[in-house]
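Here's the structure, in structure tokens; my notes come after.
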Amino acid sequence: MKKNLFYSALLLALGTLVGWVASKTLLPLPWMLGPLLACAIWSINFGEKIAPPNYVFPQKFRNYFVAIIGVMIGSQVTPDLMDQFTKYFPSIFGLLIFSWCAHFVNYKIFIKFGKYDRATAFFSAAPGGLMESIAMSEQYGGKIKVVTLQQFLRIIFVIILVPIMISIWLGAPVGSAAGLLLEKNAIISVIDLFYIAILIIFGLVLGSQLRMPAGHLLGPMLLTILFTLSTNINIHLPDILIVVAQVIIGTSLGARFFGMDKRILFTATRLSALSVITMLILAFIFVIILQNLSELTVVTLFISFAPGGVTEMSLIALSVASSPALVSAHHIFRIITTVSLLGIIYNRWIDKLS
């Protein structure tokens, strides 16, 4: 027990250090992707030599910080955002169709070219929700290391390719490459901390009692949405809390890469490149179809459809004078619908094919 705690502390120290270094660079989502990448490399090369036998990162500890991310996502769904959903219904509806078209195409890619089992292919193919897909893949018997790797590579490829594509289109750098940062929450309110604690505790209970897929994320997220919409209270999560949550989540994901075969890494990279390029082409097709039906510009639509991280896509929107709130609304909708329907679709269709 003490050896497990000591090794977990070692990984967290490594993750924190690399996250801090990454935050000084242009790496997107540095506090999560930095620890994830560092701990994955460490685990692949040194994990089996140093870690205690049968080591597993403390899952109950991690779940509290996954719940923080759930509260963060849910807190962004405000009444004003709901009004924007109705105003931009064509693009929101198009995004729903795109998400599942992309998921289906990705699933076929991973089945045909990766020879993955159905559970691994299905959750690797999800065009959104890194943590959610990983949690559900574990629940339904997928290969969690492979799903983690594929979802991680999806975010990396999208975050790298989309700014480059738009930079070429506009002739100027965008997003993190332009040195932009999202507005920070400098003030920590005691009442906000109280609300966050209550939503985390009762959200985890809700997710567990209702046996929701990825309930430690979906429970707090749905409870926060209901709270914010019914009370009109805007919850502001302190930056330090979000940073700590990202470090712990990134570290815990990286710790799952013990003994990862480098041939699997090469295969996953090849499949991810094919998957992301296919999704971006599909996104562009949807944008062309929707441009005359939506009030959004072509560039804003493309950013809204690109299956990357909410934070980085919002940075890109900010740099091209689009509305980060609208872009965030689209990506939040994509995440919510993906998370809400993943388990249902898998149980009703994919699992029956096995």
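Ligands are numbered from 1 in the order shown, residues from 1 within each chain, and chains are lettered A, B, ... in the order they appear in the structure tokens.
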Which segment 189-261 of chain A residues have any atom within 12 Å of an atom of segment 126-138 of chain A, and for each, what is the nearest pair of atoms with distance in Å to one decimal, counting only C-alpha atoms, rows sorted by chain and number, as a tab-separated table?
residue	atom	partner	partner_atom	distance
A:Arg211	CA	A:Met136	CA	11.8
A:Met212	CA	A:Met136	CA	9.8
A:Pro213	CA	A:Met136	CA	6.0
A:Ala214	CA	A:Ala135	CA	5.5
A:Gly215	CA	A:Ala135	CA	9.1
A:His216	CA	A:Ala135	CA	9.2
A:Leu217	CA	A:Glu132	CA	7.3
A:Leu218	CA	A:Glu132	CA	8.3
A:Gly219	CA	A:Glu132	CA	11.8
A:Met221	CA	A:Glu132	CA	11.6
A:Gln246	CA	A:Met131	CA	10.8
A:Ile249	CA	A:Met131	CA	8.4
A:Gly250	CA	A:Met131	CA	9.6
A:Ser252	CA	A:Met131	CA	10.8
A:Leu253	CA	A:Met131	CA	8.8
A:Arg256	CA	A:Ile134	CA	10.9
* To do: Mind checking which residues fall within 10 Å of Ala121 of chain A, counting only C-alpha atoms, ignoring those fewer than 2 positions away in the same chain, and posting them as a ChimeraX atom specification?
  => /A:103,106-112,114-119,123-126,137,142-143,146-147,150
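Considering the residues A:Leu37, A:Ile155, A:Ile97, A:Ala22 and counting only C-alpha atoms, Ser272 of chain A has its shortest atom-to-atom contact with A:Ile155.
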* **Of the listed residues A:Ser91, A:Thr120, A:Thr78, A:Thr16, that which approaches Ile303 of chain A most closely, counting only C-alpha atoms** => A:Ser91
